[in-house]
>>> print(open('upload28.pdb').read())   # PDB, C-alpha atoms
ATOM      1  CA  MET A   1     -15.482  15.466  58.033
ATOM      2  CA  ILE A   2     -18.331  15.911  55.568
ATOM      3  CA  THR A   3     -21.559  14.283  56.689
ATOM      4  CA  LYS A   4     -23.417  12.443  53.950
ATOM      5  CA  LYS A   5     -27.007  11.319  53.845
ATOM      6  CA  LYS A   6     -27.750   7.629  54.312
ATOM      7  CA  LYS A   7     -28.179   5.419  51.276
ATOM      8  CA  THR A   8     -29.703   2.017  50.749
ATOM      9  CA  CYS A   9     -27.870  -0.610  48.706
ATOM     10  CA  PRO A  10     -29.519  -1.098  45.304
ATOM     11  CA  SER A  11     -28.431  -4.762  45.275
ATOM     12  CA  CYS A  12     -29.431  -6.102  48.696
ATOM     13  CA  GLY A  13     -31.377  -3.261  50.359
ATOM     14  CA  ASP A  14     -29.063  -3.008  53.377
ATOM     15  CA  SER A  15     -27.532   0.276  54.545
ATOM     16  CA  MET A  16     -24.485   1.859  52.909
ATOM     17  CA  LYS A  17     -21.631   3.732  54.548
ATOM     18  CA  TYR A  18     -19.640   6.585  52.964
ATOM     19  CA  GLU A  19     -15.942   5.735  53.382
ATOM     20  CA  SER A  20     -12.620   5.069  51.676
ATOM     21  CA  ARG A  21     -11.796   1.477  50.815
ATOM     22  CA  SER A  22      -9.506  -0.519  48.666
ATOM     23  CA  ASP A  23     -11.182  -1.439  45.370
ATOM     24  CA  GLU A  24     -10.139  -3.557  42.432
ATOM     25  CA  VAL A  25     -10.718  -3.533  38.681
ATOM     26  CA  THR A  26     -10.122  -6.626  36.559
ATOM     27  CA  TYR A  27      -9.485  -7.153  32.865
ATOM     28  CA  LYS A  28      -8.690 -10.451  31.124
ATOM     29  CA  GLY A  29      -7.573 -12.132  34.333
ATOM     30  CA  HIS A  30      -5.416  -9.201  35.498
ATOM     31  CA  SER A  31      -6.311  -6.863  38.321
ATOM     32  CA  LYS A  32      -5.361  -3.486  39.718
ATOM     33  CA  THR A  33      -6.068  -2.257  43.221
ATOM     34  CA  PHE A  34      -6.739   1.378  44.109
ATOM     35  CA  THR A  35      -8.278   3.326  46.978
ATOM     36  CA  SER A  36     -11.569   5.057  46.398
ATOM     37  CA  THR A  37     -14.122   6.904  48.470
ATOM     38  CA  GLY A  38     -17.786   6.200  47.934
ATOM     39  CA  TRP A  39     -20.873   4.541  49.308
ATOM     40  CA  TRP A  40     -20.127   0.956  50.366
ATOM     41  CA  CYS A  41     -22.764  -1.588  51.359
ATOM     42  CA  THR A  42     -22.244  -2.963  54.862
ATOM     43  CA  SER A  43     -23.434  -6.414  53.728
ATOM     44  CA  CYS A  44     -22.633  -7.204  50.096
ATOM     45  CA  ASP A  45     -19.703  -4.855  49.269
ATOM     46  CA  GLU A  46     -21.651  -3.144  46.485
ATOM     47  CA  ALA A  47     -20.251   0.362  45.894
ATOM     48  CA  ILE A  48     -21.570   3.599  44.436
ATOM     49  CA  PHE A  49     -19.054   6.174  43.236
ATOM     50  CA  GLU A  50     -19.787   9.757  42.274
ATOM     51  CA  GLY A  51     -17.891  12.483  40.418
ATOM     52  CA  ALA A  52     -14.108  12.371  40.764
ATOM     53  CA  GLU A  53     -14.174   8.972  42.451
ATOM     54  CA  LEU A  54     -16.074   7.503  39.521
ATOM     55  CA  GLU A  55     -13.465   8.986  37.175
ATOM     56  CA  LYS A  56     -10.699   7.488  39.351
ATOM     57  CA  ALA A  57     -12.227   4.012  38.979
ATOM     58  CA  GLU A  58     -12.606   4.478  35.214
ATOM     59  CA  LYS A  59      -8.998   5.683  34.936
ATOM     60  CA  ALA A  60      -7.767   2.628  36.852
ATOM     61  CA  PHE A  61      -9.607   0.382  34.391
ATOM     62  CA  VAL A  62      -8.247   2.218  31.316
ATOM     63  CA  GLU A  63      -4.697   2.003  32.704
ATOM     64  CA  LEU A  64      -5.060  -1.710  33.420
ATOM     65  CA  ARG A  65      -6.471  -2.394  29.954
ATOM     66  CA  ALA A  66      -3.578  -0.501  28.315
ATOM     67  CA  GLU A  67      -1.073  -2.433  30.425
ATOM     68  CA  VAL A  68      -2.623  -5.820  29.573
ATOM     69  CA  GLU A  69      -2.990  -4.997  25.859
ATOM     70  CA  GLN A  70       0.506  -3.402  25.867
ATOM     71  CA  VAL A  71      -0.683  -0.221  24.185
ATOM     72  CA  LEU A  72      -0.272   3.486  24.855
ATOM     73  CA  LEU A  73      -2.303   5.252  27.511
ATOM     74  CA  PRO A  74      -4.751   7.989  26.433
ATOM     75  CA  LYS A  75      -2.409  10.772  27.656
ATOM     76  CA  GLN A  76       0.503   9.258  25.728
ATOM     77  CA  ILE A  77      -1.593   9.129  22.545
ATOM     78  CA  ALA A  78      -2.570  12.790  22.962
ATOM     79  CA  LYS A  79       1.055  13.791  23.592
ATOM     80  CA  ILE A  80       2.286  12.103  20.397
ATOM     81  CA  ARG A  81      -0.569  13.572  18.341
ATOM     82  CA  GLU A  82       0.195  17.049  19.686
ATOM     83  CA  GLN A  83       3.926  16.591  18.926
ATOM     84  CA  LEU A  84       2.887  15.862  15.340
ATOM     85  CA  ASN A  85       0.836  19.102  15.290
ATOM     86  CA  LEU A  86      -2.313  17.222  14.282
ATOM     87  CA  SER A  87      -5.854  17.826  15.431
ATOM     88  CA  GLN A  88      -7.790  14.747  16.498
ATOM     89  CA  ARG A  89      -9.727  14.851  13.219
ATOM     90  CA  GLU A  90      -6.557  15.187  11.101
ATOM     91  CA  ALA A  91      -4.908  12.308  12.946
ATOM     92  CA  GLY A  92      -7.904  10.096  12.227
ATOM     93  CA  LYS A  93      -7.815  10.959   8.522
ATOM     94  CA  ILE A  94      -4.053  10.640   8.038
ATOM     95  CA  LEU A  95      -3.257   7.772  10.381
ATOM     96  CA  GLY A  96      -6.570   5.943  10.086
ATOM     97  CA  GLY A  97      -9.538   5.151  12.251
ATOM     98  CA  GLY A  98     -11.862   7.907  11.096
ATOM     99  CA  PRO A  99     -12.612  11.463  12.211
ATOM    100  CA  ARG A 100     -13.528  10.590  15.832
ATOM    101  CA  ALA A 101     -11.009   7.798  16.473
ATOM    102  CA  PHE A 102      -8.499   9.949  18.334
ATOM    103  CA  GLN A 103     -11.209  11.568  20.417
ATOM    104  CA  LYS A 104     -12.163   8.070  21.582
ATOM    105  CA  TYR A 105      -8.546   6.925  22.095
ATOM    106  CA  GLU A 106      -7.676  10.010  24.138
ATOM    107  CA  ALA A 107     -10.826   9.745  26.258
ATOM    108  CA  GLY A 108     -10.009   6.110  27.031
ATOM    109  CA  ALA A 109     -13.319   4.987  25.525
ATOM    110  CA  VAL A 110     -11.585   2.782  22.943
ATOM    111  CA  PRO A 111      -8.094   1.294  23.219
ATOM    112  CA  VAL A 112      -5.798   1.761  20.238
ATOM    113  CA  SER A 113      -5.178  -1.302  18.097
ATOM    114  CA  ALA A 114      -1.703  -2.842  18.084
ATOM    115  CA  PRO A 115      -0.985  -1.527  14.541
ATOM    116  CA  MET A 116      -2.094   2.022  15.459
ATOM    117  CA  ASN A 117      -0.069   1.789  18.666
ATOM    118  CA  ASN A 118       3.027   0.818  16.676
ATOM    119  CA  LEU A 119       2.469   3.603  14.143
ATOM    120  CA  LEU A 120       2.158   6.168  16.927
ATOM    121  CA  LEU A 121       5.318   4.856  18.610
ATOM    122  CA  LEU A 122       7.244   5.151  15.326
ATOM    123  CA  LEU A 123       5.950   8.652  14.617
ATOM    124  CA  GLY A 124       6.642   9.674  18.205
ATOM    125  CA  GLU A 125      10.276   8.660  17.766
ATOM    126  CA  ASP A 126      10.612  10.183  14.290
ATOM    127  CA  PRO A 127       7.961  12.861  13.550
ATOM    128  CA  GLN A 128       9.486  13.474  10.087
ATOM    129  CA  ARG A 129       7.983  10.140   9.014
ATOM    130  CA  LEU A 130       4.579  11.851   9.016
ATOM    131  CA  GLN A 131       5.607  13.799   5.906
ATOM    132  CA  GLU A 132       6.751  10.540   4.321
ATOM    133  CA  LEU A 133       3.344   9.027   5.069
ATOM    134  CA  ARG A 134       1.570  12.029   3.526
ATOM    135  CA  SER A 135       3.766  11.729   0.394
ATOM    136  CA  LEU A 136       2.928   8.029   0.035
ATOM    137  CA  GLN A 137      -0.776   8.768   0.392
ATOM    138  CA  ALA A 138      -0.517  11.468  -2.298
ATOM    139  CA  LYS A 139       1.228   8.997  -4.634
ATOM    140  CA  ILE A 140      -1.516   6.437  -4.109
ATOM    141  CA  ALA A 141      -4.168   9.076  -4.799
ATOM    142  CA  SER A 142      -2.319  10.064  -7.976
ATOM    143  CA  VAL A 143      -2.243   6.430  -9.142
ATOM    144  CA  LEU A 144      -5.971   6.138  -8.523
ATOM    145  CA  VAL A 145      -6.657   9.260 -10.569
ATOM    146  CA  SER A 146      -4.340   8.026 -13.362
ATOM    147  CA  ARG A 147      -6.081   4.663 -13.492
ATOM    148  CA  GLU A 148      -9.368   6.483 -13.717
ATOM    149  CA  ALA A 149      -8.176   8.566 -16.655
ATOM    150  CA  VAL A 150      -6.767   5.555 -18.547
ATOM    151  CA  SER A 151      -9.552   3.079 -17.876
ATOM    152  CA  GLY A 152     -12.472   5.477 -17.887
ATOM    153  CA  LYS A 153     -13.627   3.785 -14.682
ATOM    154  CA  ARG A 154     -14.022   5.556 -11.405
ATOM    155  CA  ALA A 155     -11.560   4.891  -8.612
ATOM    156  CA  ASN A 156     -12.968   3.068  -5.657
ATOM    157  CA  PRO A 157     -14.427   5.981  -3.646
ATOM    158  CA  ILE A 158     -13.860   4.198  -0.344
ATOM    159  CA  ILE A 159     -10.137   3.756  -1.026
ATOM    160  CA  ALA A 160      -9.871   7.280  -2.397
ATOM    161  CA  ASN A 161     -11.475   8.725   0.739
ATOM    162  CA  VAL A 162      -9.225   6.727   3.057
ATOM    163  CA  VAL A 163      -6.071   7.616   1.149
ATOM    164  CA  THR A 164      -6.764  11.313   0.720
ATOM    165  CA  GLY A 165      -9.258  12.197   3.394
ATOM    166  CA  GLY A 166     -11.915  12.670   0.702
ATOM    167  CA  LYS A 167      -9.873  14.916  -1.588
ATOM    168  CA  VAL A 168      -9.058  13.175  -4.863
ATOM    169  CA  LYS A 169      -8.418  15.727  -7.580
ATOM    170  CA  GLY A 170     -10.485  15.005 -10.642
ATOM    171  CA  ALA A 171     -12.200  11.958  -9.182
ATOM    172  CA  VAL A 172     -15.953  11.687  -9.244
ATOM    173  CA  HIS A 173     -17.528  10.231  -6.137
ATOM    174  CA  SER A 174     -20.967   8.754  -6.091
ATOM    175  CA  ARG A 175     -23.002   7.481  -3.187
ATOM    176  CA  ALA A 176     -25.403   5.777  -5.590
ATOM    177  CA  ALA A 177     -25.706   2.010  -5.334
ATOM    178  CA  PRO A 178     -23.872   0.018  -8.032
ATOM    179  CA  LYS A 179     -25.955  -1.030 -11.027
ATOM    180  CA  ARG A 180     -27.156  -4.615 -10.902
ATOM    181  CA  THR A 181     -27.115  -6.685 -14.061
ATOM    182  CA  GLY A 182     -29.105  -9.643 -12.781
ATOM    183  CA  ARG A 183     -26.140 -11.980 -13.207
ATOM    184  CA  SER A 184     -24.539 -13.550 -10.179
ATOM    185  CA  VAL A 185     -20.795 -13.554  -9.845
ATOM    186  CA  ALA A 186     -19.293 -16.836  -8.683
TER     187      ALA A 186
END
>>> encode(input="upload28.pdb", output="structure tokens")
Amino acid sequence: MITKKKKTCPSCGDSMKYESRSDEVTYKGHSKTFTSTGWWCTSCDEAIFEGAELEKAEKAFVELRAEVEQVLLPKQIAKIREQLNLSQREAGKILGGGPRAFQKYEAGAVPVSAPMNNLLLLLGEDPQRLQELRSLQAKIASVLVSREAVSGKRANPIIANVVTGGKVKGAVHSRAAPKRTGRSVA
């Protein structure tokens, strides 16, 4: 057995003991029990986890949250994305959420939304639908460019960036603030 130094509880000041105990995480009225090894207070049940044990507690929480929210687990999200041959950045651009969304989903830092969960489930069952999605996005980008050419007005750069990942052929993008006329719009 590994001998650990003594610790004092940061909550009550009493002594702590290094041992394995049953612990529980809760989320929206649901709970999950797991065994973890760490420093446990002999008086107030405060616990301090380090390294792998801290990761175990975090994983238990992420799993519980996914179960309660009825969404995919981080590993399931990564598996579907990899089946689609998409990098995390590409997945965020094509499927939505932004360039770091899938990094956060797969790390368990942010749960996927119900719509994103459903999209991933559909694409996981039928990966060919990804090409259909790309075709639809290209059509929308083409319509935006056509409108621009006919009206002489720029396409909404926010929509254009979302639809095409920032690549609208012939579109001019400006980060400048819109011109103000002094009139209020009701």
>>> closest_residue(input="upload28.pdb", among="A:Leu120, A:Cys41, A:Leu136, A:Ala101", to="Tyr18 (chain A)", atoms="all atoms listed in the file")
A:Cys41
>>> axis_aligned_box(input="upload28.pdb", around="region 10-25 of chain A", padding_each_side="4 Å", output="lines of an AutoDock Vina configuration file")
center_x = -20.4
center_y = 0.2
center_z = 46.6
size_x = 29.9
size_y = 20.7
size_z = 23.9
>>> residues_around(input="upload28.pdb", residues="Ile77 (chain A)", least_positions_apart="5", cutoff="8 Å", atoms="all atoms listed in the file", output="compact mmCIF listing (two decimals) with C-alpha atoms, in the coordinates of the input")
# COMPACT_ATOMS: atom_id res chain seq x y z
CA LEU A 72 -0.27 3.49 24.86
CA TYR A 105 -8.55 6.92 22.10
CA GLU A 106 -7.68 10.01 24.14
CA LEU A 120 2.16 6.17 16.93
>>> atom_distance(input="upload28.pdb", atom1="CA of Ser20 (chain A)", atom2="CA of Gly38 (chain A)")
6.5 Å
>>> closest_residue(input="upload28.pdb", among="A:Ile94, A:Glu55, A:Ser87, A:Val112", to="Glu132 (chain A)", atoms="only C-alpha atoms")
A:Ile94
>>> residues_around(input="upload28.pdb", residues="Val62 (chain A)", least_positions_apart="4", cutoff="9 Å", atoms="only C-alpha atoms", output="list in words")
Ala57, Glu58, Ala66, Glu67, Leu73, Pro74, Gly108, Ala109 and Pro111 of chain A
>>> closest_residue(input="upload28.pdb", among="A:Ile48, A:Leu121, A:Leu133, A:Met16", to="Gln83 (chain A)", atoms="only C-alpha atoms")
A:Leu121
>>> residues_near_point(input="upload28.pdb", point="(-7.0, 12.5, 15.9)", cutoff="10 Å", atoms="all atoms listed in the file", output="list in words")
Ile77, Ala78, Arg81, Glu82, Leu86, Ser87, Gln88, Arg89, Glu90, Ala91, Gly92, Lys93, Ile94, Leu95, Gly96, Gly97, Gly98, Pro99, Arg100, Ala101, Phe102, Gln103, Lys104, Tyr105 and Glu106 of chain A
>>> atom_distance(input="upload28.pdb", atom1="CA of Lys28 (chain A)", atom2="CA of Glu69 (chain A)")
9.5 Å
>>> closest_residue(input="upload28.pdb", among="A:Leu123, A:Val68, A:Ala60, A:Ala47", to="Gly29 (chain A)", atoms="only C-alpha atoms")
A:Val68
>>> atom_distance(input="upload28.pdb", atom1="CA of Gln131 (chain A)", atom2="CA of Val143 (chain A)")
18.5 Å
>>> residues_around(input="upload28.pdb", residues="Lys32 (chain A)", least_positions_apart="6", cutoff="8 Å", atoms="only C-alpha atoms", output="NGL selection string")
:A and (24-26 or 60-61 or 64)
>>> write_last_selection(input="upload28.pdb", atoms="C-alpha atoms", output="mmCIF file, in the coordinates of the input")
data_model
loop_
_atom_site.group_PDB
_atom_site.id
_atom_site.type_symbol
_atom_site.label_atom_id
_atom_site.label_comp_id
_atom_site.auth_asym_id
_atom_site.auth_seq_id
_atom_site.Cartn_x
_atom_site.Cartn_y
_atom_site.Cartn_z
ATOM 1 C CA GLU A 24 -10.139 -3.557 42.432
ATOM 2 C CA VAL A 25 -10.718 -3.533 38.681
ATOM 3 C CA THR A 26 -10.122 -6.626 36.559
ATOM 4 C CA ALA A 60 -7.767 2.628 36.852
ATOM 5 C CA PHE A 61 -9.607 0.382 34.391
ATOM 6 C CA LEU A 64 -5.060 -1.710 33.420
#
>>> decode(input="upload28.pdb", residues="region 4-27 of chain A", atoms="N, CA and C atoms", output="mmCIF file, in the first residue's frame")
data_model
loop_
_atom_site.group_PDB
_atom_site.id
_atom_site.type_symbol
_atom_site.label_atom_id
_atom_site.label_comp_id
_atom_site.auth_asym_id
_atom_site.auth_seq_id
_atom_site.Cartn_x
_atom_site.Cartn_y
_atom_site.Cartn_z
ATOM 1 N N LYS A 4 0.530 7.872 2.064
ATOM 2 C CA LYS A 4 0.359 9.265 1.671
ATOM 3 C C LYS A 4 0.568 10.168 2.875
ATOM 4 N N LYS A 5 0.961 11.380 2.608
ATOM 5 C CA LYS A 5 1.103 12.363 3.674
ATOM 6 C C LYS A 5 -0.282 12.698 4.230
ATOM 7 N N LYS A 6 -0.310 13.260 5.415
ATOM 8 C CA LYS A 6 -1.577 13.679 6.014
ATOM 9 C C LYS A 6 -2.013 14.995 5.394
ATOM 10 N N LYS A 7 -3.329 15.154 5.317
ATOM 11 C CA LYS A 7 -3.905 16.409 4.826
ATOM 12 C C LYS A 7 -4.941 16.901 5.818
ATOM 13 N N THR A 8 -5.154 18.203 5.779
ATOM 14 C CA THR A 8 -6.180 18.823 6.607
ATOM 15 C C THR A 8 -7.327 19.251 5.708
ATOM 16 N N CYS A 9 -8.543 19.030 6.164
ATOM 17 C CA CYS A 9 -9.733 19.369 5.382
ATOM 18 C C CYS A 9 -9.828 20.883 5.184
ATOM 19 N N PRO A 10 -9.983 21.326 3.927
ATOM 20 C CA PRO A 10 -10.091 22.761 3.679
ATOM 21 C C PRO A 10 -11.430 23.350 4.152
ATOM 22 N N SER A 11 -12.423 22.484 4.376
ATOM 23 C CA SER A 11 -13.735 22.974 4.813
ATOM 24 C C SER A 11 -13.853 23.124 6.321
ATOM 25 N N CYS A 12 -13.446 22.055 7.064
ATOM 26 C CA CYS A 12 -13.656 22.089 8.515
ATOM 27 C C CYS A 12 -12.367 22.072 9.336
ATOM 28 N N GLY A 13 -11.222 21.788 8.694
ATOM 29 C CA GLY A 13 -9.947 21.793 9.399
ATOM 30 C C GLY A 13 -9.596 20.479 10.071
ATOM 31 N N ASP A 14 -10.479 19.490 10.005
ATOM 32 C CA ASP A 14 -10.192 18.189 10.615
ATOM 33 C C ASP A 14 -9.250 17.393 9.713
ATOM 34 N N SER A 15 -8.821 16.231 10.167
ATOM 35 C CA SER A 15 -7.883 15.425 9.383
ATOM 36 C C SER A 15 -8.605 14.689 8.254
ATOM 37 N N MET A 16 -7.825 14.356 7.216
ATOM 38 C CA MET A 16 -8.353 13.637 6.058
ATOM 39 C C MET A 16 -7.626 12.304 5.955
ATOM 40 N N LYS A 17 -8.322 11.328 5.394
ATOM 41 C CA LYS A 17 -7.777 9.986 5.240
ATOM 42 C C LYS A 17 -7.826 9.608 3.763
ATOM 43 N N TYR A 18 -6.724 9.028 3.252
ATOM 44 C CA TYR A 18 -6.648 8.614 1.854
ATOM 45 C C TYR A 18 -7.235 7.213 1.742
ATOM 46 N N GLU A 19 -8.382 7.088 1.046
ATOM 47 C CA GLU A 19 -9.056 5.801 0.927
ATOM 48 C C GLU A 19 -10.044 5.807 -0.232
ATOM 49 N N SER A 20 -10.554 4.621 -0.534
ATOM 50 C CA SER A 20 -11.586 4.473 -1.568
ATOM 51 C C SER A 20 -12.949 4.508 -0.896
ATOM 52 N N ARG A 21 -13.858 5.250 -1.515
ATOM 53 C CA ARG A 21 -15.222 5.357 -0.997
ATOM 54 C C ARG A 21 -16.188 5.466 -2.156
ATOM 55 N N SER A 22 -17.412 5.243 -1.825
ATOM 56 C CA SER A 22 -18.482 5.443 -2.789
ATOM 57 C C SER A 22 -18.772 6.943 -2.834
ATOM 58 N N ASP A 23 -18.888 7.488 -4.039
ATOM 59 C CA ASP A 23 -19.171 8.913 -4.205
ATOM 60 C C ASP A 23 -20.349 9.054 -5.152
ATOM 61 N N GLU A 24 -20.917 10.228 -5.197
ATOM 62 C CA GLU A 24 -22.106 10.444 -6.006
ATOM 63 C C GLU A 24 -22.039 11.802 -6.700
ATOM 64 N N VAL A 25 -22.441 11.821 -7.973
ATOM 65 C CA VAL A 25 -22.617 13.086 -8.682
ATOM 66 C C VAL A 25 -24.108 13.248 -8.941
ATOM 67 N N THR A 26 -24.574 14.486 -8.960
ATOM 68 C CA THR A 26 -25.991 14.747 -9.215
ATOM 69 C C THR A 26 -26.130 15.778 -10.317
ATOM 70 N N TYR A 27 -27.232 15.641 -11.061
ATOM 71 C CA TYR A 27 -27.542 16.588 -12.136
ATOM 72 C C TYR A 27 -29.051 16.588 -12.336
#
